[in-house]
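S.K.: I have a structure here, written as structure tokens, and I will follow up with some questions on it.
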Amino acid sequence: MAADYYALLGVSRAASQDEIKRAYRKLAREYHPDTSAHGDAEERFKQISAAYEVLSDPGRRERYDTFGTAENAAPNFGGFGDLGDIMETFFGSGFGTRRPRGPRPAAQRGNDLETTLKLTFREAAFGVTKEVSLYAAAMCESCKGSGCEPGTFRIRCEACAGAGEVRSVQRSIFGTMMTSRACGRCDGTGEVAADPCRTCAGDGRMSAARMVAVEVPGGIEHGTTLRVRGHGEAGVRGGEAGDLYVHMSVDGDPVFHREGDDLVCRLSVPLTQAILGAQILVDSLDGAETIKVPPGTQPGAVVRLGGKGIQRLGGRGRGDLVVHLDIEIPRKLSAEQRAIVEQLADVRGELPGDEPSKKARLRDKLRGK
Ligand SMILES: [Zn+2]
Ligand SMILES: [Zn+2]
């Protein structure tokens, strides 16, 4: 295996061409044989130059990254040839896809998180910005997520020589079998921090409490889940953060319920107002509204107030306020009220059979009414 060019230049495997160039210039000045005070300056200068020659050429750098050498030679996996080929011999071509993967990227996406947010009926109807508190992995401020002490870099893992996996050979009655597993020392990345961050022990993350402001759009319904991008766990070693999923738990309301974007409630209308018509105050999400009960309103009648309902989710305007009218039939009448109603019934030719009616009058008399 060739020398670790990244370690020689003191840059990470993900370093940009600019970073590589800067690192090389700095080191070349330091180790230039004509001016350097270092005893091994000439040797170091040669190594640094060789590393730069490869890493500054994208094609050669890619070959180096893949095969551990910049030369155009066949990859060398310790004399066993290609692992995929060996597996193919034993198990058929299905294993041809299981070629050596090489080290996995050091940076990994953070996990998604989920939480539940309680909303009042009105908050859900109109939208609200609410904070949820989380205790989760966040980027380490000390190393900015890199896992390395400031000013240091990741270097090749010695345990797996940068391959990210460890191979072992087993002899069995079927012949020689080669197995590989992710290197435990470098977590399969092929690199370790030369000087792990002391704050986060090299993970690049720290668990911490934080608040996330969740913008809940008006019109959201109970059981809906919102995704807040990038507010899940921080990524590993500078990887992308996960997302936060917020489940909505919307309280019921004693007066209203929802039917889509419409706000629905019931209203009791006294019998006489149903007969004669009236203006009645009704509660809405915007305060009291006056509704017109027309004369001769029937049980089960519905009055609609346009635009007084729930905000349309992701759209313009609002639904309606839908008021179901219940006509209140008096359960008890005074003698005077009864006389009036009977008079009405008489005029309308709707008097019931005389007998029960007379009995009722007699009963009222006996009670002294
Ligand atoms: Zn750190
Ligand atoms: Zn390793």
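Every chain in the structure tokens has a letter given in the order shown (A, B, ...), and although residue numbers restart at 1 in each chain, ligands are simply numbered from 1 in the order shown.
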Could you list, with a cut-off of 7 Å and counting only C-alpha atoms and all ligand atoms, the residues of chain A near ligand 1, each shown with its nearest atom pair and the distance in Å rounded to one decimal, rows sorted by chain and ascending number, as a Markdown table?

M.R.:
```
| residue | atom | partner | partner_atom_place_in_ligand_line | distance |
| --- | --- | --- | --- | --- |
| A:Cys140 | CA | ligand 1 | 1 (Zn) | 4.5 |
| A:Glu141 | CA | ligand 1 | 1 (Zn) | 6.5 |
| A:Ser142 | CA | ligand 1 | 1 (Zn) | 5.0 |
| A:Cys143 | CA | ligand 1 | 1 (Zn) | 4.1 |
| A:Lys144 | CA | ligand 1 | 1 (Zn) | 6.5 |
| A:Gly145 | CA | ligand 1 | 1 (Zn) | 5.8 |
| A:Ser146 | CA | ligand 1 | 1 (Zn) | 6.7 |
| A:Gly147 | CA | ligand 1 | 1 (Zn) | 4.7 |
| A:Cys148 | CA | ligand 1 | 1 (Zn) | 6.5 |
| A:Glu149 | CA | ligand 1 | 1 (Zn) | 7.0 |
| A:Cys197 | CA | ligand 1 | 1 (Zn) | 4.5 |
| A:Arg198 | CA | ligand 1 | 1 (Zn) | 6.4 |
| A:Thr199 | CA | ligand 1 | 1 (Zn) | 5.0 |
| A:Cys200 | CA | ligand 1 | 1 (Zn) | 4.2 |
| A:Ala201 | CA | ligand 1 | 1 (Zn) | 6.5 |
| A:Gly202 | CA | ligand 1 | 1 (Zn) | 5.8 |
| A:Asp203 | CA | ligand 1 | 1 (Zn) | 6.6 |
| A:Gly204 | CA | ligand 1 | 1 (Zn) | 4.5 |
| A:Arg205 | CA | ligand 1 | 1 (Zn) | 6.2 |
```

S.K.: Tell me which protein, DNA and RNA residues are within 6 Å of Ser12 of chain A, counting only C-alpha atoms, leaving out same-chain ones fewer than 3 positions away, and put them as a list in words.

M.R.: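 In the requested form, the answer reads Ala15, Phe153 and Arg154 of chain A.
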
S.K.: Could you list the protein, DNA and RNA residues that have any atom within 10 Å of ligand 2, counting only C-alpha atoms and all ligand atoms, and write them as an NGL selection string?

M.R.: :A and (103 or 156-166 or 182-192)

S.K.: Could you check how far atom CA of Gln311 of chain A sits from atom CA of Phe126 of chain A, in Å to one decimal?

M.R.: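 Interatomic distance, atom CA of Gln311 of chain A to atom CA of Phe126 of chain A: 5.9 Å.
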
S.K.: What's around Glu215 of chain A at 10 Å? Count only C-alpha atoms, leave out sequence neighbours fewer than 6 positions away in its own chain, and write the answer as JSON, numbers by chain.

M.R.: {"A": [127, 128, 129, 130, 131, 226, 228]}

S.K.: For atom CA of Gly230 of chain A and atom CA of Arg109 of chain A, determine how far apart the two atoms are, in Å to one decimal place.

M.R.: 10.0 Å

S.K.: Distance atom CA of Gly309 of chain A-atom CA of Asp262 of chain A, one decimal place?

M.R.: 5.0 Å

S.K.: Would you list the contacts of Ser268 of chain A as a PyMOL selection string, taking every protein, DNA or RNA residue within 9 Å and counting only C-alpha atoms, but skipping same-chain residues closer than 5 positions in sequence?

M.R.: chain A and resi 324-328

S.K.: Kindly save the residues from that selection, with N, CA and C atoms included, as a compact mmCIF listing (two decimals), in the first residue's frame.

M.R.:
```txt
# COMPACT_ATOMS: atom_id res chain seq x y z
N HIS A 324 -76.54 24.73 12.91
CA HIS A 324 -77.75 23.89 12.87
C HIS A 324 -78.72 24.40 13.93
N LEU A 325 -79.95 24.69 13.51
CA LEU A 325 -80.93 25.27 14.44
C LEU A 325 -81.78 24.17 15.07
N ASP A 326 -81.81 24.20 16.39
CA ASP A 326 -82.72 23.31 17.13
C ASP A 326 -83.87 24.16 17.63
N ILE A 327 -85.12 23.78 17.31
CA ILE A 327 -86.27 24.54 17.78
C ILE A 327 -86.66 24.03 19.16
N GLU A 328 -86.67 24.94 20.09
CA GLU A 328 -86.97 24.56 21.48
C GLU A 328 -88.48 24.56 21.69
```

S.K.: Fewer than 5 positions away in the same chain doesn't count, so skip those; otherwise give me all residues within 7 Å of Ser133 of chain A, counting only C-alpha atoms, as an NGL selection string.

M.R.: :A and (209-212)

S.K.: Export, as a compact mmCIF listing (two decimals), in the first residue's frame, the selected residues with N, CA and C atoms.

M.R.:
```txt
# COMPACT_ATOMS: atom_id res chain seq x y z
N ALA A 209 -30.22 20.02 25.04
CA ALA A 209 -31.62 20.44 24.97
C ALA A 209 -31.71 21.62 24.02
N ARG A 210 -32.72 21.64 23.21
CA ARG A 210 -32.91 22.80 22.34
C ARG A 210 -34.38 22.98 22.04
N MET A 211 -34.72 24.18 21.62
CA MET A 211 -36.10 24.51 21.28
C MET A 211 -36.18 24.67 19.76
N VAL A 212 -37.24 24.14 19.20
CA VAL A 212 -37.45 24.32 17.76
C VAL A 212 -38.81 24.99 17.58
```

S.K.: Using DSSP on the backbone, list every residue of segment 93-328 of chain A that comes out as helix (DSSP H, G or I), and give them as a PyMOL selection string.

M.R.: chain A and resi 93-97+121-126+271-276

S.K.: Using only all heavy atoms, please write the residues we just selected to a file, as a short mmCIF file (atom, residue, chain, number, x, y, z; two decimals), in the first residue's frame.

M.R.:
```cif
data_model
loop_
_atom_site.label_atom_id
_atom_site.label_comp_id
_atom_site.auth_asym_id
_atom_site.auth_seq_id
_atom_site.Cartn_x
_atom_site.Cartn_y
_atom_site.Cartn_z
N SER A 93 -23.41 -16.24 -9.60
CA SER A 93 -23.14 -14.85 -9.96
C SER A 93 -23.89 -13.86 -9.09
O SER A 93 -23.64 -12.67 -9.16
CB SER A 93 -23.48 -14.62 -11.42
OG SER A 93 -24.85 -14.88 -11.62
N GLY A 94 -24.82 -14.33 -8.27
CA GLY A 94 -25.56 -13.39 -7.41
C GLY A 94 -24.66 -12.56 -6.54
O GLY A 94 -25.00 -11.44 -6.16
N PHE A 95 -23.49 -13.11 -6.22
CA PHE A 95 -22.58 -12.37 -5.35
C PHE A 95 -21.69 -11.41 -6.11
O PHE A 95 -20.92 -10.69 -5.53
CB PHE A 95 -21.73 -13.34 -4.54
CG PHE A 95 -22.45 -13.87 -3.36
CD1 PHE A 95 -23.34 -14.92 -3.51
CD2 PHE A 95 -22.30 -13.29 -2.11
CE1 PHE A 95 -24.04 -15.41 -2.42
CE2 PHE A 95 -23.00 -13.78 -1.02
CZ PHE A 95 -23.87 -14.84 -1.18
N GLY A 96 -21.84 -11.41 -7.41
CA GLY A 96 -21.01 -10.51 -8.20
C GLY A 96 -21.24 -9.06 -7.83
O GLY A 96 -20.38 -8.21 -8.00
N THR A 97 -22.44 -8.75 -7.28
CA THR A 97 -22.73 -7.37 -6.92
C THR A 97 -22.05 -6.98 -5.62
O THR A 97 -21.94 -5.81 -5.31
CB THR A 97 -24.24 -7.18 -6.75
OG1 THR A 97 -24.70 -8.20 -5.86
CG2 THR A 97 -24.96 -7.32 -8.08
N PHE A 121 -58.09 24.03 19.70
CA PHE A 121 -58.93 24.03 18.51
C PHE A 121 -58.69 25.30 17.68
O PHE A 121 -58.57 25.25 16.46
CB PHE A 121 -60.39 23.94 18.96
CG PHE A 121 -61.36 23.70 17.85
CD1 PHE A 121 -61.58 22.41 17.38
CD2 PHE A 121 -62.05 24.75 17.27
CE1 PHE A 121 -62.48 22.18 16.36
CE2 PHE A 121 -62.95 24.52 16.25
CZ PHE A 121 -63.16 23.24 15.79
N ARG A 122 -58.60 26.40 18.36
CA ARG A 122 -58.44 27.68 17.65
C ARG A 122 -57.05 27.80 17.03
O ARG A 122 -56.89 28.34 15.94
CB ARG A 122 -58.69 28.85 18.61
CG ARG A 122 -60.15 29.19 18.72
CD ARG A 122 -60.52 29.84 20.04
NE ARG A 122 -61.89 29.47 20.40
CZ ARG A 122 -62.94 30.26 20.25
NH1 ARG A 122 -62.78 31.49 19.79
NH2 ARG A 122 -64.14 29.85 20.55
N GLU A 123 -56.01 27.32 17.73
CA GLU A 123 -54.66 27.37 17.16
C GLU A 123 -54.61 26.58 15.85
O GLU A 123 -53.99 27.01 14.87
CB GLU A 123 -53.64 26.81 18.15
CG GLU A 123 -53.35 27.74 19.31
CD GLU A 123 -52.55 27.07 20.42
OE1 GLU A 123 -52.50 25.83 20.49
OE2 GLU A 123 -51.99 27.81 21.25
N ALA A 124 -55.27 25.44 15.86
CA ALA A 124 -55.28 24.62 14.64
C ALA A 124 -56.07 25.30 13.53
O ALA A 124 -55.72 25.20 12.36
CB ALA A 124 -55.87 23.25 14.94
N ALA A 125 -57.11 26.00 13.91
CA ALA A 125 -57.96 26.65 12.90
C ALA A 125 -57.24 27.80 12.21
O ALA A 125 -57.36 27.98 11.00
CB ALA A 125 -59.24 27.16 13.57
N PHE A 126 -56.47 28.56 12.97
CA PHE A 126 -55.87 29.77 12.41
C PHE A 126 -54.37 29.67 12.18
O PHE A 126 -53.77 30.54 11.57
CB PHE A 126 -56.13 30.97 13.34
CG PHE A 126 -57.58 31.36 13.39
CD1 PHE A 126 -58.28 31.35 14.58
CD2 PHE A 126 -58.24 31.71 12.23
CE1 PHE A 126 -59.61 31.71 14.62
CE2 PHE A 126 -59.58 32.07 12.26
CZ PHE A 126 -60.27 32.06 13.45
N LEU A 271 -89.22 28.53 20.35
CA LEU A 271 -90.33 28.25 19.44
C LEU A 271 -90.89 29.53 18.81
O LEU A 271 -91.08 29.61 17.59
CB LEU A 271 -91.43 27.51 20.20
CG LEU A 271 -92.69 27.21 19.41
CD1 LEU A 271 -92.39 26.22 18.30
CD2 LEU A 271 -93.78 26.66 20.34
N THR A 272 -91.10 30.52 19.66
CA THR A 272 -91.75 31.74 19.15
C THR A 272 -90.86 32.45 18.14
O THR A 272 -91.32 33.00 17.15
CB THR A 272 -92.06 32.70 20.31
OG1 THR A 272 -90.87 32.86 21.09
CG2 THR A 272 -93.19 32.16 21.18
N GLN A 273 -89.51 32.41 18.39
CA GLN A 273 -88.60 33.06 17.44
C GLN A 273 -88.55 32.29 16.13
O GLN A 273 -88.41 32.88 15.06
CB GLN A 273 -87.20 33.19 18.06
CG GLN A 273 -87.20 34.15 19.25
CD GLN A 273 -85.81 34.44 19.77
OE1 GLN A 273 -84.90 33.65 19.55
NE2 GLN A 273 -85.66 35.56 20.44
N ALA A 274 -88.67 30.96 16.23
CA ALA A 274 -88.71 30.16 15.00
C ALA A 274 -89.96 30.52 14.20
O ALA A 274 -89.94 30.57 12.98
CB ALA A 274 -88.67 28.68 15.35
N ILE A 275 -91.06 30.80 14.93
CA ILE A 275 -92.32 31.12 14.24
C ILE A 275 -92.28 32.54 13.68
O ILE A 275 -92.60 32.78 12.51
CB ILE A 275 -93.50 30.98 15.22
CG1 ILE A 275 -93.66 29.50 15.64
CG2 ILE A 275 -94.80 31.49 14.59
CD1 ILE A 275 -94.64 29.30 16.78
N LEU A 276 -91.83 33.47 14.53
CA LEU A 276 -91.93 34.88 14.16
C LEU A 276 -90.68 35.40 13.42
O LEU A 276 -90.74 36.45 12.80
CB LEU A 276 -92.14 35.73 15.42
CG LEU A 276 -93.38 35.36 16.25
CD1 LEU A 276 -93.39 36.13 17.57
CD2 LEU A 276 -94.66 35.65 15.46
#
```

S.K.: Excluding Lys118 of chain A and any residue of its chain fewer than 5 positions from it, enumerate the residues within 9 Å of it, using only C-alpha atoms, and give them as number ranges by chain.

M.R.: A: 247-251

S.K.: Applying 7 Å and only C-alpha atoms, which residues near Met178 of chain A remain after dropping the ones on its own chain fewer than 5 positions away? List them as an MDAnalysis selection string.

M.R.: chainID A and resid 167:170

S.K.: Measuring between only C-alpha atoms, which one of A:Leu119, A:Ile155, A:Ile220, A:Leu305 shows the shortest distance to Asp286 of chain A?

M.R.: A:Leu305
